[in-house]
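Undergrad: Can you keep this structure in mind? I'll have questions shortly.
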Amino acid sequence: MIIADTLKTPQPLVEIKNLSAGYRHETILEDINLTIEQDDFIGLIGPNGGGKTTLLRVILGLLQPKSGTIQVMGEPPEKGRQHIGYVPQFAEYDAEFPISVRDVVRMGRLSNKRLFKPYSAEDDRVVEERLVWVDLLDYQDRAIRELSGGQRQRVYIARALASDPRLLVLDEPTVSVDIEARTHIYELLYKINKEGVAIFLVTHDLNVISSYVKTIGCLNRNLHYHGEKQITDDMLSATYGCPVDLIAHGLPHRVLAEHEGEK
Amino acid sequence: MAELLSYGFMRNALMAGALVSLACGIIGTLVVLKRMVFISGGVAHTAYGGVGLAFYLGVTPMLGAVAFSLIASYLMGYVQRQTRQRQDTLIGVMWAIGMAVGIIFADMTPGYKADLMSYLFGSILAVTQADLWMMLAVNLLVLIFVVLFYKELQAVAFDESFARVRNLPVDLLYVALVAMIGLAVVMLMRVVGLIMIIALLTVPAAIGALFLKHMKHIMWLAMALSLVFTTGGLLLSFFFNLTSGATIILIAGVTYLGALLVHKSCQRCSA
């Protein structure tokens, strides 16, 4: 199954240059430069309040940058975002909302171009395919509130995939999800990335992302991203400030550069 | 019963109850699911300013109510969009100012003012043929709006930022929805009165949301429940000589409490 159309474009999916962003009186992101290419699988870590969600909002065109430029598929984000599949943070919406799994996934088929058109057989086919993809076809008639946190998150991934995105953007996809479900979600993202959809995810979850993502960045007001999988001490101390050792403890060794004189 | 229906005012009242139920079920469901109860209250009370102004100018009060509730809808929508903070305060202030404007205009209007009270407490028995036509028009508008934009409204109610990323006209839909609330409010003002609007708008949908898992089904149940509440309340108030608006709301409120209890015990036995 092919999720993204295989048409390769020369331009990057997202290109951010010298960008600052924030709210009225505070700057949260400063001098951000980032390129997201086709096939990328980027994990972005950073402390709370470091601007992870703000960066996502800028990429999604939900927040205007203060300075600098951002292009999504060579267009302003308000236009280019139609190629982005967005998986919002868990707590953002009402888990009690009365709606079935299928109806949630179908939302991925909506757009401003088809306002007066009812859902078609083609939409139903795509929705079913995505539900198979996230392993939830048997749950399609269940209400969203009857699902576990992990299942719900997979429904939102299916919804994002239903819009045939070139890039999947996820905001803390494994918050309040147990370890088993967490692995399931990352396996799924790995599979999706293999199908040619770029993935950009922000998380606290250092351990798990290390084994699935291709590259890692650190964000705390400034972005430290070199298109590499290793997190260097410099990146960590710049991102988290002093207590680097504490954080380094939680990291598998192949992600961390070897300390000189360690062991 | 046949005797009851021989009264023209009773026929009108029952008809008004039915018409109101349709809009209540549909708009009320969206209000409850999107958590816009407070905004609806704000729109309703601002509309009272319009009633007062209409009295003062000597035009149909409903006209003033429609104008004010539409303006209020737009302002509330704007407040919701633009200011991230203190929107509940702003809505509360508009709520009070609307009422105050209504009362001041009533003060300035010479002569008999009892009629202004009927907008506070409702007067379903005084519904006229013209009111019924107005209600029918509002219902048609609400129906067309929701049928045309059902899937988009559901998406916006469920997850606004996702809807935005899909480039749906989120702001436009929101303002249109608040305008529909405004129109529904004007209708309800006739039936149960300003003070009790919120109950009739939200209770039927809230009961539906307890037990059903599809927005569409909740709308149907909410319509049926409002029909039961308005008709039941009307009959009871007639036979026991009570205020109709209050009777309707009391039936709705008691049913809601009962539904909450049933829902609680259902959870316990299934858990």
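Going by the structure tokens order, chains are called A, B, ..., each with residues numbered from 1, while ligands are numbered from 1 in the order shown.
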Write out, as JSON lines, each residue of chain B that has an atom at most 6 Å from chain A, together with the closest pair of atoms and their distance in Å to one decimal, counting only C-alpha atoms, rows going by chain and rising number.

TA:
```
{"residue": "B:Asp159", "atom": "CA", "partner": "A:Tyr93", "partner_atom": "CA", "distance": 5.9}
{"residue": "B:Arg166", "atom": "CA", "partner": "A:Ser111", "partner_atom": "CA", "distance": 5.1}
{"residue": "B:Asn167", "atom": "CA", "partner": "A:Asn112", "partner_atom": "CA", "distance": 5.5}
{"residue": "B:Leu168", "atom": "CA", "partner": "A:Asn112", "partner_atom": "CA", "distance": 4.9}
{"residue": "B:Lys213", "atom": "CA", "partner": "A:Pro98", "partner_atom": "CA", "distance": 4.3}
{"residue": "B:His214", "atom": "CA", "partner": "A:Ile99", "partner_atom": "CA", "distance": 5.0}
```

Undergrad: Which of segment 64-257 of chain A end up as alpha helix (DSSP H) when DSSP is run on this backbone - answer as a PyMOL selection string?

TA: chain A and resi 77-80+101-106+121-133+149-161+179-194+206-212+233-240+244-249

Undergrad: Can you pull out every residue within 12 Å of Tyr48 of chain B, counting only C-alpha atoms, but drop anything in the same chain fewer than 3 positions away, and send it as JSON, numbers by chain?

TA: {"B": [41, 42, 43, 44, 45, 51, 52, 53, 54, 55, 61, 62, 63, 64, 65, 66, 67, 68, 69, 72, 94, 95, 96, 97, 98, 99, 100, 101, 102, 103, 104, 105, 106, 116, 117, 118, 119, 120, 121, 182, 185, 186, 189, 190, 193, 194, 195]}

Undergrad: Let me make sure I understand: among A:Asp40, A:Glu187, A:Asp205, A:Asp178, which one has the smallest atom-to-atom distance to Gly227 of chain A if we use only C-alpha atoms?

TA: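 Of the candidates, the smallest distance to Gly227 of chain A is held by A:Asp40.
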
Undergrad: Find the spatial neighbours of segment 125-140 of chain A, counting only C-alpha atoms, within a cut-off of 6 Å - ignore same-chain residues fewer than 6 positions away - and output them as a PyMOL selection string.

TA: chain A and resi 101-102+158

Undergrad: Restricted to N, CA, C and O atoms, what would the selected residues look like written as a PDB file, in the first residue's frame?

TA:
```pdb
ATOM      1  N   VAL A 101     -15.153   5.718  15.841  1.00  0.00           N
ATOM      2  CA  VAL A 101     -13.799   5.656  15.292  1.00  0.00           C
ATOM      3  C   VAL A 101     -13.809   6.001  13.808  1.00  0.00           C
ATOM      4  O   VAL A 101     -13.016   6.815  13.335  1.00  0.00           O
ATOM      5  N   ARG A 102     -14.755   5.415  13.079  1.00  0.00           N
ATOM      6  CA  ARG A 102     -14.790   5.667  11.646  1.00  0.00           C
ATOM      7  C   ARG A 102     -15.018   7.153  11.344  1.00  0.00           C
ATOM      8  O   ARG A 102     -14.388   7.728  10.460  1.00  0.00           O
ATOM      9  N   ALA A 158      -4.457   7.325  12.121  1.00  0.00           N
ATOM     10  CA  ALA A 158      -5.216   6.908  10.936  1.00  0.00           C
ATOM     11  C   ALA A 158      -5.919   8.109  10.308  1.00  0.00           C
ATOM     12  O   ALA A 158      -5.961   8.262   9.087  1.00  0.00           O
TER      13      ALA A 158
END
```

Undergrad: Write out as a PyMOL selection string the residues lying within 8 Å of Ser73 of chain B, counting only C-alpha atoms and excluding same-chain residues fewer than 3 positions away.

TA: chain B and resi 43+69-70+76-77+175+178-179+181-182
